[in-house]
Amino acid sequence: MMTSAGGVKPELIYGLRKVTEDAARAAYVWIGRGDKERGDGAAVDAMRSALQEIELEGLVVIGEGEKDEAPQLFNGEIVGQPGAAFKADIAVDPVEGTSYLAKGQTNALAVIAIAPRGTMMDPGPAFYMEKFAAPPEARGKIDPNWTTKKKIETLADILKKDVSEVAVYVLEKPRHRKLVQDIHDAGARVLLYPAGDVAGALLAAIPDSGVDALMGTGGTPEGIMSAVAIRALGGEFLARLDPQLQTEALAVKAAGLDTSRWYKVDELVKSDDLYFCATGITTGLMLEGVERTRQGFKLQTLMVTGSTSERQVLTTYTQE
């Protein structure tokens, strides 16, 4: 049996599944209720409580943090079981897409990513990053500084597709108007979604998912978590810090971070000994959302284990 850092086995992924499922179930109560703070807070409490049952000492590198003014799962917090053999870096997003949870919209997820201690990039005060994700065939073959048109044409050649068949996932944000026009001008298709940064990146990295690439700027936490899963899957993921507010830009500059540099996936996470779980809260392209049954809940979770390069989607039926 293969083991990972600190003697932890790949079966750890099944324990982490419960962490995201507990968070998703707690968030479910708040779908469509117009209160993103209470929905996020419920998921945070559930995720942190579930982490106490996992045999690892986790340092929260990417957490709720300053952006969400969270009292728990904040950057720098130690979670899990202090003193456990497996010392881990943790990235969490108990509700990826809080606004869309509150509105009852698509693609909200509960997400956690785990890497050995010291191997996960700490982006400091950077809340946003520009991203490019694509399937394994594209790894190392796309220059992120190319024009959108050249990226798409090169990707089409790599995937042996006509440009008109290339589908690019983009978050539906005002900042992406030019990007969307550039994709259309290149002759490719745009898949616009109001949320689902993690789902879009993972689908882009999974061959034959119907999504060939993700482009555009989204959250840094989502980017780091996506990098963990995509490195484990062998896909391509590139990222550049891209502050969206003046206060963020000033903080990033003060921290000495370079906003012109594109990071490769193996710079964002420097290990193959990785674990990633995402549970659907609201139904999206990648996962079904939480459903209440007569006995309890139905939940669907994507689990990725880096040491085995396995990807599993598990549907769980719980009883209350």
# chains A, B, ... in the order shown; residues from 1 in each chain; ligands from 1
call {"tool": "closest_atom_pairs", "arguments": {"of": "stretch 50-143 of chain A", "to": "stretch 178-196 of chain A", "cutoff": "8 Å", "atoms": "only C-alpha atoms", "output": "CSV"}}
result
residue,atom,partner,partner_atom,distance
A:Glu96,CA,A:Gly196,CA,7.3
A:Gly97,CA,A:Ala195,CA,5.9
A:Tyr100,CA,A:Ala195,CA,6.8
A:Thr106,CA,A:Ala195,CA,6.9
A:Asn107,CA,A:Gly196,CA,4.9
A:Ala108,CA,A:Gly196,CA,6.4
A:Leu109,CA,A:Gly196,CA,7.8
call {"tool": "select_by_dssp", "arguments": {"residues": "stretch 202-310 of chain A", "states": "alpha helix (DSSP H)", "output": "ChimeraX atom specification"}}
result
/A:202-205,220-233,246-254,265-268
call {"tool": "atom_distance", "arguments": {"atom1": "atom CA of A:Ile158", "atom2": "atom CA of A:Glu267"}}
result
23.5 Å
call {"tool": "select_by_dssp", "arguments": {"residues": "stretch 127-173 of chain A", "states": "strand (DSSP E or B)", "output": "PyMOL selection string"}}
result
chain A and resi 128-134+167-171
call {"tool": "closest_residue", "arguments": {"among": "A:Val166, A:Val92, A:Ala84, A:Leu159", "to": "A:Ala110", "atoms": "only C-alpha atoms"}}
result
A:Val92
call {"tool": "closest_atom_pairs", "arguments": {"of": "stretch 102-131 of chain A", "to": "stretch 231-251 of chain A", "cutoff": "8 Å", "atoms": "only C-alpha atoms", "output": "tab-separated table"}}
result
residue	atom	partner	partner_atom	distance
A:Pro125	CA	A:Ala251	CA	6.1
A:Ala126	CA	A:Pro243	CA	6.4
A:Phe127	CA	A:Pro243	CA	6.7
A:Tyr128	CA	A:Asp242	CA	5.4
A:Met129	CA	A:Leu241	CA	4.2
A:Glu130	CA	A:Arg240	CA	5.1
A:Lys131	CA	A:Ala239	CA	4.5
call {"tool": "atom_distance", "arguments": {"atom1": "atom CA of A:Ser164", "atom2": "atom CA of A:Leu302"}}
result
29.7 Å
call {"tool": "closest_residue", "arguments": {"among": "A:Ala50, A:Ala115, A:Ala91, A:Met286", "to": "A:Gly210", "atoms": "only C-alpha atoms"}}
result
A:Met286
